[in-house]
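Coordinates as given in query-v3.tsv (TSV, C-alpha atoms and all ligand atoms):
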chain	number	residue	atom	x	y	z
A	276	MET	CA	125.94	163.37	49.02
A	277	ARG	CA	123.67	161.63	51.49
A	278	ILE	CA	121.50	163.50	53.98
A	279	ASP	CA	119.60	161.81	56.81
A	280	ILE	CA	116.97	163.96	58.48
A	281	ILE	CA	115.61	163.05	61.90
A	282	THR	CA	112.17	164.49	62.56
A	283	VAL	CA	108.86	163.90	64.29
A	284	LEU	CA	107.14	164.96	61.05
A	285	PRO	CA	108.70	162.93	58.21
A	286	GLU	CA	105.62	163.54	56.01
A	287	LEU	CA	106.42	167.24	56.01
A	288	LEU	CA	109.71	166.50	54.27
A	289	GLU	CA	108.43	164.28	51.47
A	290	SER	CA	107.28	166.86	48.98
A	291	PRO	CA	110.06	169.50	49.14
A	292	PHE	CA	112.58	167.20	47.44
A	293	ALA	CA	110.18	165.49	45.02
A	294	HIS	CA	110.19	168.21	42.38
A	295	SER	CA	112.28	170.14	39.93
A	296	ILE	CA	116.01	170.42	40.65
A	297	MET	CA	115.97	168.37	43.87
A	298	LYS	CA	114.12	165.58	42.08
A	299	ARG	CA	116.64	165.59	39.25
A	300	ALA	CA	119.59	165.62	41.66
A	301	GLN	CA	118.24	162.43	43.23
A	302	GLN	CA	117.41	160.80	39.89
A	303	LYS	CA	120.96	161.45	38.74
A	304	GLY	CA	122.25	159.75	41.90
A	305	LEU	CA	124.01	162.92	43.06
A	306	LEU	CA	121.84	163.43	46.15
A	307	GLU	CA	120.14	161.03	48.55
A	308	VAL	CA	117.75	162.50	51.13
A	309	TYR	CA	115.96	160.38	53.73
A	310	SER	CA	113.56	161.53	56.42
A	311	HIS	CA	113.39	159.30	59.48
A	312	ASP	CA	110.64	159.29	62.08
A	313	LEU	CA	112.16	159.94	65.51
A	314	ARG	CA	109.26	158.06	67.14
A	315	GLN	CA	110.62	154.81	65.72
A	316	PHE	CA	113.60	155.18	68.03
A	317	THR	CA	111.89	155.75	71.34
A	318	THR	CA	111.50	153.05	73.99
A	319	TYR	CA	108.90	155.04	75.91
A	320	ALA	CA	105.21	154.15	75.84
A	321	HIS	CA	102.96	155.83	73.30
A	322	ALA	CA	105.98	156.66	71.13
A	323	GLN	CA	106.79	159.53	73.47
A	324	VAL	CA	109.79	161.63	72.46
A	325	ASP	CA	109.38	164.78	74.58
A	326	ASP	CA	108.82	165.63	78.22
A	327	TYR	CA	108.41	168.57	80.62
A	328	GLN	CA	111.49	170.66	81.25
A	329	TYR	CA	113.42	170.54	84.50
A	330	GLY	CA	113.04	173.77	86.44
A	331	GLY	CA	109.50	174.18	85.24
A	332	GLY	CA	107.99	176.43	82.63
A	333	ALA	CA	105.80	176.01	79.61
A	334	GLY	CA	106.85	173.90	76.67
A	335	MET	CA	108.15	170.40	76.14
A	336	VAL	CA	111.74	169.36	75.47
A	337	MET	CA	112.82	166.53	73.18
A	338	MET	CA	114.33	163.76	75.32
A	339	PRO	CA	117.91	162.64	74.80
A	340	GLU	CA	117.43	158.86	74.49
A	341	PRO	CA	115.31	158.68	71.31
A	342	LEU	CA	117.65	161.16	69.65
A	343	ILE	CA	120.75	159.22	70.69
A	344	ARG	CA	119.24	155.95	69.55
A	345	ALA	CA	118.47	157.49	66.15
A	346	ILE	CA	121.90	159.13	65.79
A	347	GLU	CA	123.78	155.99	66.79
A	348	HIS	CA	121.61	153.81	64.59
A	349	PHE	CA	122.69	155.75	61.51
A	350	GLN	CA	126.29	156.11	62.67
A	351	VAL	CA	126.65	152.32	62.52
A	352	GLU	CA	126.19	152.50	58.74
A	353	ARG	CA	128.31	155.57	57.97
A	354	THR	CA	130.27	158.40	59.47
A	355	TYR	CA	128.78	161.86	59.25
A	356	ASP	CA	130.79	164.93	58.32
A	357	GLU	CA	128.36	167.06	60.31
A	358	ILE	CA	125.49	166.41	62.67
A	359	ILE	CA	123.42	169.53	62.25
A	360	TYR	CA	120.78	170.76	64.65
A	361	MET	CA	118.22	173.16	63.19
A	362	THR	CA	117.54	175.90	65.75
A	363	PRO	CA	116.77	179.63	65.75
A	364	ASP	CA	119.81	180.20	68.01
A	365	GLY	CA	122.21	178.53	65.56
A	366	GLU	CA	124.70	180.01	63.09
A	367	ARG	CA	122.97	182.06	60.41
A	368	PHE	CA	122.62	180.04	57.19
A	369	GLU	CA	124.14	181.93	54.27
A	370	GLN	CA	125.42	181.07	50.80
A	371	LYS	CA	128.96	180.59	52.13
A	372	VAL	CA	127.70	177.96	54.58
A	373	ALA	CA	125.80	176.25	51.74
A	374	ASN	CA	128.95	176.27	49.59
A	375	ARG	CA	130.98	174.72	52.41
A	376	LEU	CA	128.38	172.04	53.21
A	377	SER	CA	127.96	171.12	49.52
A	378	MET	CA	131.51	169.73	49.62
A	379	LYS	CA	130.71	167.19	52.36
A	380	GLY	CA	129.74	163.54	51.90
A	381	ASN	CA	127.26	162.57	54.62
A	382	LEU	CA	125.15	164.96	56.67
A	383	MET	CA	122.69	164.31	59.45
A	384	ILE	CA	120.08	166.95	60.23
A	385	ILE	CA	118.09	166.97	63.46
A	386	CYS	CA	114.86	168.95	63.45
A	387	GLY	CA	113.89	170.49	66.76
A	388	HIS	CA	110.34	170.92	67.98
A	389	TYR	CA	108.63	172.42	71.01
A	390	LYS	CA	111.23	174.14	73.24
A	391	GLY	CA	114.03	172.29	71.49
A	392	ILE	CA	116.19	169.29	72.30
A	393	ASP	CA	117.92	168.36	75.57
A	394	GLU	CA	121.12	170.42	75.86
A	395	ARG	CA	123.29	167.31	76.36
A	396	ILE	CA	122.64	166.20	72.78
A	397	ARG	CA	123.79	169.59	71.54
A	398	GLU	CA	126.93	169.40	73.71
A	399	HIS	CA	127.99	165.85	72.94
A	400	PHE	CA	126.64	164.93	69.50
A	401	VAL	CA	125.72	167.96	67.45
A	402	THR	CA	128.67	169.42	65.47
A	403	MET	CA	126.89	172.36	63.88
A	404	GLU	CA	123.80	174.44	64.68
A	405	ILE	CA	122.00	176.30	61.92
A	406	SER	CA	119.31	178.99	61.88
A	407	ILE	CA	117.82	180.21	58.60
A	408	GLY	CA	117.02	183.69	59.92
A	409	ASP	CA	115.83	185.81	62.80
A	410	TYR	CA	112.28	184.55	63.14
A	411	VAL	CA	110.82	181.52	64.86
A	412	LEU	CA	109.33	178.58	63.00
A	413	SER	CA	107.20	175.97	64.73
A	414	GLY	CA	109.76	173.30	63.93
A	415	GLY	CA	113.08	172.73	62.19
A	416	GLU	CA	111.60	170.86	59.20
A	417	LEU	CA	110.96	173.79	56.87
A	418	ALA	CA	114.38	175.19	57.76
A	419	ALA	CA	115.95	171.78	57.00
A	420	ALA	CA	114.21	171.79	53.61
A	421	VAL	CA	115.71	175.21	52.89
A	422	VAL	CA	119.20	173.98	53.80
A	423	VAL	CA	118.94	170.77	51.75
A	424	ASP	CA	117.67	172.68	48.71
A	425	ALA	CA	120.42	175.30	48.93
A	426	ILE	CA	123.10	172.61	49.27
A	427	GLY	CA	121.62	170.15	46.77
A	428	ARG	CA	121.59	172.55	43.85
A	429	LEU	CA	125.30	173.24	44.37
A	430	LEU	CA	126.40	169.60	43.99
A	431	PRO	CA	128.54	169.15	40.88
A	432	GLY	CA	126.39	167.97	37.97
A	433	VAL	CA	123.02	168.98	39.46
A	434	LEU	CA	122.68	172.25	37.60
A	435	ASN	CA	123.22	172.55	33.87
A	436	ASP	CA	124.16	175.63	31.85
A	437	GLU	CA	120.61	176.86	31.94
A	438	THR	CA	120.28	176.73	35.72
A	439	SER	CA	123.92	177.50	36.57
A	440	ALA	CA	124.68	178.75	40.07
A	441	LEU	CA	127.50	180.96	38.76
A	442	PHE	CA	125.33	184.04	38.56
A	443	ASP	CA	123.21	183.45	41.64
A	444	SER	CA	122.64	186.27	44.04
A	445	PHE	CA	125.24	186.13	46.85
A	446	GLN	CA	127.63	183.89	44.92
A	447	ASP	CA	130.05	186.87	44.58
A	448	ASP	CA	128.78	188.80	47.59
A	449	MET	CA	126.44	190.56	45.20
A	450	LEU	CA	122.80	190.31	44.23
A	451	ALA	CA	121.97	188.97	40.77
A	452	PRO	CA	121.36	191.42	37.89
A	453	PRO	CA	117.88	191.85	36.32
A	454	VAL	CA	116.88	189.27	33.69
A	455	TYR	CA	114.62	189.51	30.62
A	456	THR	CA	113.07	187.12	28.12
A	457	ARG	CA	110.89	187.45	25.00
A	458	PRO	CA	109.35	189.65	23.77
A	459	ALA	CA	112.03	192.33	23.33
A	460	ASP	CA	109.26	194.94	23.40
A	461	PHE	CA	106.44	194.25	25.87
A	462	ARG	CA	103.78	196.98	26.00
A	463	GLY	CA	106.43	199.44	24.95
A	464	TRP	CA	108.82	198.44	27.77
A	465	LYS	CA	112.00	197.46	26.00
A	466	VAL	CA	114.73	195.02	26.93
A	467	PRO	CA	118.00	196.94	27.49
A	468	GLN	CA	119.98	197.32	24.24
A	469	GLU	CA	123.14	195.88	25.83
A	470	LEU	CA	121.47	192.47	26.28
A	471	LEU	CA	120.47	192.44	22.60
A	472	SER	CA	123.94	193.49	21.40
A	473	GLY	CA	125.22	189.95	20.91
A	474	ASP	CA	128.59	191.06	22.35
A	475	PRO	CA	129.45	189.07	25.51
A	476	LYS	CA	131.74	191.84	26.76
A	477	ILE	CA	128.94	194.40	26.58
A	478	VAL	CA	126.48	191.96	28.19
A	479	ASP	CA	128.87	191.10	31.04
A	480	ALA	CA	129.71	194.75	31.70
A	481	TRP	CA	126.00	195.64	31.81
A	482	ARG	CA	125.21	192.75	34.16
A	483	PHE	CA	128.05	193.65	36.50
A	484	GLU	CA	126.98	197.30	36.59
A	485	LYS	CA	123.33	196.41	37.30
A	486	ALA	CA	124.26	193.81	39.92
A	487	LEU	CA	126.43	196.36	41.68
A	488	GLU	CA	123.74	199.05	41.45
A	489	ARG	CA	121.09	196.71	42.86
A	490	THR	CA	123.40	195.57	45.66
A	491	GLN	CA	124.23	199.18	46.59
A	492	GLN	CA	120.53	200.04	46.70
A	493	ARG	CA	119.19	196.98	48.49
A	494	ARG	CA	122.03	195.31	50.38
A	495	PRO	CA	124.90	197.74	50.92
A	496	ASP	CA	126.02	195.52	53.82
A	497	LEU	CA	127.17	192.91	51.26
A	498	LEU	CA	129.69	195.37	49.80
A	499	GLU	CA	131.26	196.38	53.10
A	500	ASP	CA	134.17	193.93	53.06
A	601	LIG	CL1	116.45	176.20	62.10
A	601	LIG	N1	114.21	176.32	63.48
A	601	LIG	C1	113.16	176.99	63.97
A	601	LIG	N2	112.28	176.32	64.72
A	601	LIG	N3	112.92	178.27	63.74
A	601	LIG	C2	113.81	178.89	62.98
A	601	LIG	C3	114.93	178.28	62.43
A	601	LIG	C4	115.11	176.97	62.71
A	601	LIG	N4	115.63	179.19	61.73
A	601	LIG	C5	114.94	180.32	61.84
A	601	LIG	N5	113.85	180.16	62.58

Since I need it in another form, could you write the structure as structure tokens?
Ligand code: 6GU
Amino acid sequence: MRIDIITVLPELLESPFAHSIMKRAQQKGLLEVYSHDLRQFTTYAHAQVDDYQYGGGAGMVMMPEPLIRAIEHFQVERTYDEIIYMTPDGERFEQKVANRLSMKGNLMIICGHYKGIDERIREHFVTMEISIGDYVLSGGELAAAVVVDAIGRLLPGVLNDETSALFDSFQDDMLAPPVYTRPADFRGWKVPQELLSGDPKIVDAWRFEKALERTQQRRPDLLED
């Protein structure tokens, strides 16, 4: 999978993918992520990419031309399965959306700033709008990093047995069960006997029961349908 991110802050998106699982995904050639500086695509003086909004009011709006020039520049090289705009008024990003996006080939992600981007870009170029939750960030970059991470770890071959996504929270509309490691007795707090039984049936049954219990307590909404 290839992901091109268009942003006014490309430096902000260097580190999130340079470590751990995202780093390995790229080293294995399973994921390519590039951050592109929107200012390289403007024809306005002083690398301007935003302007006052029509109708008045506080806050700048990202102008259509630099965005179009960036989008069309990358579209010459490849077709994109989705052109995603990161915005708090987009579709809520959930595991199901990550699963669906992880099956695509090329994604473009546009990070909004200030009051957002000119509506005409959303109407005519953007194919998908994503929000990562009901709170406002100062820009789409951190949200884009969240989306890329959630998608990247799902790509076939990225995770191994030890990091498998099979038992992730949300993967079966349930939270994950509790986990334990050595020592079996820590300050008198013991690891549940079922996990030490060596019997996969007993272990699975215990995990299912605890996952269900935790989901009922913390996220009953997940069990509704
Ligand atoms: Cl995608 N962008 C911004 N600026 N704020 C957000 C968001 C995105 N998702 C939640 N809050």

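Excluding segment 409-411 of chain A itself and same-chain residues fewer than 3 positions from it, the residues having an atom within 12 Å of it are A:Met361, A:Thr362, A:Pro363, A:Asp364, A:Gly365, A:Glu366, A:Arg367, A:Phe368, A:Gly387, A:His388, A:Tyr389, A:Lys390, A:Gly391, A:Ile405, A:Ser406, A:Gly414, A:Gly415, A:Leu417, A:Ala418, counting only C-alpha atoms.
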
Those selected residues, please, written with C-alpha atoms and delivered as a tab-separated table (two decimals), in the coordinates of the input.
chain	number	residue	atom	x	y	z
A	361	MET	CA	118.22	173.16	63.19
A	362	THR	CA	117.54	175.90	65.75
A	363	PRO	CA	116.77	179.63	65.75
A	364	ASP	CA	119.81	180.20	68.01
A	365	GLY	CA	122.21	178.53	65.56
A	366	GLU	CA	124.70	180.01	63.09
A	367	ARG	CA	122.97	182.06	60.41
A	368	PHE	CA	122.62	180.04	57.19
A	387	GLY	CA	113.89	170.49	66.76
A	388	HIS	CA	110.34	170.92	67.98
A	389	TYR	CA	108.63	172.42	71.01
A	390	LYS	CA	111.23	174.14	73.24
A	391	GLY	CA	114.03	172.29	71.49
A	405	ILE	CA	122.00	176.30	61.92
A	406	SER	CA	119.31	178.99	61.88
A	414	GLY	CA	109.76	173.30	63.93
A	415	GLY	CA	113.08	172.73	62.19
A	417	LEU	CA	110.96	173.79	56.87
A	418	ALA	CA	114.38	175.19	57.76

Among listed residues A:Ala345, A:Met297, A:Leu450, A:Ile281, nearest Val423 of chain A (using all atoms listed in the file): A:Met297

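The spacing separating atom CA of Gly304 of chain A from atom CA of Pro291 of chain A amounts to 17.2 Å.
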
Expected answer as a PyMOL selection string: all residues with atoms within 8 Å of (114.3, 163.1, 52.7), all atoms listed in the file: chain A and resi 278-280+285+288-289+292+307-311

Residues near Ala459 of chain A, cut-off 12 Å, only C-alpha atoms, skip fewer than 4 positions along chain, as JSON, numbers by chain: {"A": [454, 455, 463, 464, 465, 466, 467, 468, 469, 470, 471]}

Shortest interatomic distance to Ala373 of chain A - which of A:Val336, A:Leu305, A:Leu430, A:Leu287, counting all atoms listed in the file: A:Leu430

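When only C-alpha atoms and all ligand atoms are used to measure the gap to ligand LIG 601 (chain A), the shortest distance among A:Glu404, A:Asp325, A:Glu484, A:Glu369 belongs to A:Glu404.
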
Å distance separating atom CA of Met378 of chain A from atom CA of Asp356 of chain A, one decimal place: 10.0 Å

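Using all atoms listed in the file for every distance, the candidate list A:Ala451, A:Leu382, A:Leu434, A:Met337 yields A:Ala451 as the residue closest to Leu487 of chain A.
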
Residue nearest ligand LIG 601 (chain A) - candidates A:Gly330, A:Pro475, A:Gly408, A:Pro339, atoms counted: all atoms listed in the file: A:Gly408

All residues 10 Å or closer to Lys371 of chain A, all atoms listed in the file, same chain fewer than 6 positions away omitted, as a ChimeraX atom specification: /A:377,445-448

As JSON, what would the box around ligand LIG 601 (chain A) look like: edges along x, y and z, 3 Å added on every side, centre and edge lengths in Å to one decimal?
{"center_x": 114.4, "center_y": 178.3, "center_z": 63.2, "size_x": 10.2, "size_y": 10.1, "size_z": 9.0}

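Going from atom CA of Glu340 of chain A to atom CA of Glu394 of chain A covers 12.2 Å.
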
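Considering only C-alpha atoms, the residue among A:Asp393, A:Met276, A:Ile346, A:Ser295 positioned nearest to Tyr329 of chain A is A:Asp393.
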
Quick one: residues within 12 Å of Gln370 of chain A, only C-alpha atoms counted, chain neighbours fewer than 6 positions away excluded, as an mmCIF file with C-alpha atoms, keeping the file's coordinate frame?
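Output saved as selection-v5.cif:
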data_model
loop_
_atom_site.group_PDB
_atom_site.id
_atom_site.type_symbol
_atom_site.label_atom_id
_atom_site.label_comp_id
_atom_site.auth_asym_id
_atom_site.auth_seq_id
_atom_site.Cartn_x
_atom_site.Cartn_y
_atom_site.Cartn_z
ATOM 1 C CA LEU A 376 128.380 172.040 53.210
ATOM 2 C CA SER A 377 127.960 171.120 49.520
ATOM 3 C CA ILE A 407 117.820 180.210 58.600
ATOM 4 C CA VAL A 421 115.710 175.210 52.890
ATOM 5 C CA VAL A 422 119.200 173.980 53.800
ATOM 6 C CA ASP A 424 117.670 172.680 48.710
ATOM 7 C CA ALA A 425 120.420 175.300 48.930
ATOM 8 C CA ILE A 426 123.100 172.610 49.270
ATOM 9 C CA ARG A 428 121.590 172.550 43.850
ATOM 10 C CA LEU A 429 125.300 173.240 44.370
ATOM 11 C CA ALA A 440 124.680 178.750 40.070
ATOM 12 C CA ASP A 443 123.210 183.450 41.640
ATOM 13 C CA SER A 444 122.640 186.270 44.040
ATOM 14 C CA PHE A 445 125.240 186.130 46.850
ATOM 15 C CA GLN A 446 127.630 183.890 44.920
ATOM 16 C CA ASP A 447 130.050 186.870 44.580
ATOM 17 C CA ASP A 448 128.780 188.800 47.590
ATOM 18 C CA MET A 449 126.440 190.560 45.200
ATOM 19 C CA LEU A 450 122.800 190.310 44.230
ATOM 20 C CA LEU A 497 127.170 192.910 51.260
#

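Using only C-alpha atoms, the protein and nucleic acid residues lying no more than 6 Å from Thr282 of chain A, apart from those fewer than 2 places from it along its own chain, are A:Leu284, A:Pro285, A:Asp312, A:Leu313, A:Cys386.
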
Selection above as a file: C-alpha atoms, as a short mmCIF file (atom, residue, chain, number, x, y, z; two decimals), in the frame of the given file:
data_model
loop_
_atom_site.label_atom_id
_atom_site.label_comp_id
_atom_site.auth_asym_id
_atom_site.auth_seq_id
_atom_site.Cartn_x
_atom_site.Cartn_y
_atom_site.Cartn_z
CA LEU A 284 107.14 164.96 61.05
CA PRO A 285 108.70 162.93 58.21
CA ASP A 312 110.64 159.29 62.08
CA LEU A 313 112.16 159.94 65.51
CA CYS A 386 114.86 168.95 63.45
#

If you keep N, CA and C atoms, can you output segment 280-310 of chain A as a PDB file, in the first residue's frame?
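What follows is the written file selection_32.pdb:
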ATOM      1  N   ILE A 280       0.523  11.829   1.826  1.00  0.00           N
ATOM      2  CA  ILE A 280      -0.116  12.766   2.738  1.00  0.00           C
ATOM      3  C   ILE A 280       0.252  14.192   2.327  1.00  0.00           C
ATOM      4  N   ILE A 281      -0.761  15.016   2.161  1.00  0.00           N
ATOM      5  CA  ILE A 281      -0.529  16.413   1.790  1.00  0.00           C
ATOM      6  C   ILE A 281      -0.779  17.283   3.016  1.00  0.00           C
ATOM      7  N   THR A 282       0.230  18.066   3.376  1.00  0.00           N
ATOM      8  CA  THR A 282       0.197  18.776   4.660  1.00  0.00           C
ATOM      9  C   THR A 282       1.021  20.050   4.598  1.00  0.00           C
ATOM     10  N   VAL A 283       0.702  21.016   5.456  1.00  0.00           N
ATOM     11  CA  VAL A 283       1.578  22.181   5.588  1.00  0.00           C
ATOM     12  C   VAL A 283       2.655  21.937   6.640  1.00  0.00           C
ATOM     13  N   LEU A 284       2.590  20.799   7.314  1.00  0.00           N
ATOM     14  CA  LEU A 284       3.575  20.457   8.351  1.00  0.00           C
ATOM     15  C   LEU A 284       4.168  19.064   8.130  1.00  0.00           C
ATOM     16  N   PRO A 285       4.902  18.864   7.034  1.00  0.00           N
ATOM     17  CA  PRO A 285       5.431  17.518   6.759  1.00  0.00           C
ATOM     18  C   PRO A 285       6.353  16.990   7.865  1.00  0.00           C
ATOM     19  N   GLU A 286       7.035  17.916   8.558  1.00  0.00           N
ATOM     20  CA  GLU A 286       7.962  17.480   9.637  1.00  0.00           C
ATOM     21  C   GLU A 286       7.216  16.755  10.746  1.00  0.00           C
ATOM     22  N   LEU A 287       5.958  17.166  10.946  1.00  0.00           N
ATOM     23  CA  LEU A 287       5.155  16.565  12.016  1.00  0.00           C
ATOM     24  C   LEU A 287       4.889  15.095  11.739  1.00  0.00           C
ATOM     25  N   LEU A 288       4.982  14.702  10.471  1.00  0.00           N
ATOM     26  CA  LEU A 288       4.632  13.334  10.089  1.00  0.00           C
ATOM     27  C   LEU A 288       5.858  12.484   9.763  1.00  0.00           C
ATOM     28  N   GLU A 289       7.033  12.916  10.196  1.00  0.00           N
ATOM     29  CA  GLU A 289       8.227  12.107   9.961  1.00  0.00           C
ATOM     30  C   GLU A 289       8.349  11.018  10.999  1.00  0.00           C
ATOM     31  N   SER A 290       8.285  11.411  12.245  1.00  0.00           N
ATOM     32  CA  SER A 290       8.541  10.472  13.341  1.00  0.00           C
ATOM     33  C   SER A 290       7.475   9.379  13.558  1.00  0.00           C
ATOM     34  N   PRO A 291       6.183   9.667  13.366  1.00  0.00           N
ATOM     35  CA  PRO A 291       5.184   8.649  13.723  1.00  0.00           C
ATOM     36  C   PRO A 291       5.364   7.314  13.000  1.00  0.00           C
ATOM     37  N   PHE A 292       5.952   7.328  11.807  1.00  0.00           N
ATOM     38  CA  PHE A 292       6.071   6.091  11.034  1.00  0.00           C
ATOM     39  C   PHE A 292       7.493   5.552  11.018  1.00  0.00           C
ATOM     40  N   ALA A 293       8.365   6.128  11.855  1.00  0.00           N
ATOM     41  CA  ALA A 293       9.789   5.770  11.823  1.00  0.00           C
ATOM     42  C   ALA A 293      10.151   4.756  12.904  1.00  0.00           C
ATOM     43  N   HIS A 294       9.139   4.199  13.564  1.00  0.00           N
ATOM     44  CA  HIS A 294       9.430   3.316  14.689  1.00  0.00           C
ATOM     45  C   HIS A 294       8.571   2.057  14.669  1.00  0.00           C
ATOM     46  N   SER A 295       9.085   1.052  15.358  1.00  0.00           N
ATOM     47  CA  SER A 295       8.276  -0.113  15.699  1.00  0.00           C
ATOM     48  C   SER A 295       7.582  -0.747  14.493  1.00  0.00           C
ATOM     49  N   ILE A 296       6.305  -0.999  14.601  1.00  0.00           N
ATOM     50  CA  ILE A 296       5.585  -1.755  13.570  1.00  0.00           C
ATOM     51  C   ILE A 296       5.505  -0.991  12.249  1.00  0.00           C
ATOM     52  N   MET A 297       5.310   0.326  12.314  1.00  0.00           N
ATOM     53  CA  MET A 297       5.234   1.104  11.068  1.00  0.00           C
ATOM     54  C   MET A 297       6.591   1.100  10.347  1.00  0.00           C
ATOM     55  N   LYS A 298       7.658   1.140  11.117  1.00  0.00           N
ATOM     56  CA  LYS A 298       8.996   1.094  10.525  1.00  0.00           C
ATOM     57  C   LYS A 298       9.205  -0.252   9.827  1.00  0.00           C
ATOM     58  N   ARG A 299       8.817  -1.317  10.517  1.00  0.00           N
ATOM     59  CA  ARG A 299       9.005  -2.654   9.939  1.00  0.00           C
ATOM     60  C   ARG A 299       8.152  -2.840   8.686  1.00  0.00           C
ATOM     61  N   ALA A 300       6.923  -2.330   8.721  1.00  0.00           N
ATOM     62  CA  ALA A 300       6.039  -2.447   7.556  1.00  0.00           C
ATOM     63  C   ALA A 300       6.692  -1.810   6.331  1.00  0.00           C
ATOM     64  N   GLN A 301       7.360  -0.691   6.527  1.00  0.00           N
ATOM     65  CA  GLN A 301       8.020  -0.006   5.414  1.00  0.00           C
ATOM     66  C   GLN A 301       9.279  -0.748   4.990  1.00  0.00           C
ATOM     67  N   GLN A 302      10.043  -1.247   5.981  1.00  0.00           N
ATOM     68  CA  GLN A 302      11.262  -1.994   5.648  1.00  0.00           C
ATOM     69  C   GLN A 302      10.943  -3.255   4.863  1.00  0.00           C
ATOM     70  N   LYS A 303       9.811  -3.863   5.179  1.00  0.00           N
ATOM     71  CA  LYS A 303       9.397  -5.079   4.465  1.00  0.00           C
ATOM     72  C   LYS A 303       8.802  -4.767   3.091  1.00  0.00           C
ATOM     73  N   GLY A 304       8.661  -3.471   2.778  1.00  0.00           N
ATOM     74  CA  GLY A 304       8.096  -3.092   1.479  1.00  0.00           C
ATOM     75  C   GLY A 304       6.592  -3.247   1.404  1.00  0.00           C
ATOM     76  N   LEU A 305       5.938  -3.382   2.545  1.00  0.00           N
ATOM     77  CA  LEU A 305       4.483  -3.581   2.549  1.00  0.00           C
ATOM     78  C   LEU A 305       3.739  -2.247   2.601  1.00  0.00           C
ATOM     79  N   LEU A 306       4.432  -1.204   3.080  1.00  0.00           N
ATOM     80  CA  LEU A 306       3.808   0.100   3.253  1.00  0.00           C
ATOM     81  C   LEU A 306       4.789   1.183   2.813  1.00  0.00           C
ATOM     82  N   GLU A 307       4.280   2.121   2.021  1.00  0.00           N
ATOM     83  CA  GLU A 307       5.056   3.312   1.668  1.00  0.00           C
ATOM     84  C   GLU A 307       4.249   4.520   2.121  1.00  0.00           C
ATOM     85  N   VAL A 308       4.849   5.381   2.932  1.00  0.00           N
ATOM     86  CA  VAL A 308       4.165   6.600   3.383  1.00  0.00           C
ATOM     87  C   VAL A 308       5.040   7.796   3.043  1.00  0.00           C
ATOM     88  N   TYR A 309       4.457   8.781   2.354  1.00  0.00           N
ATOM     89  CA  TYR A 309       5.194   9.988   2.006  1.00  0.00           C
ATOM     90  C   TYR A 309       4.404  11.207   2.449  1.00  0.00           C
ATOM     91  N   SER A 310       5.089  12.145   3.094  1.00  0.00           N
ATOM     92  CA  SER A 310       4.457  13.411   3.448  1.00  0.00           C
ATOM     93  C   SER A 310       4.955  14.479   2.494  1.00  0.00           C
TER      94      SER A 310
END
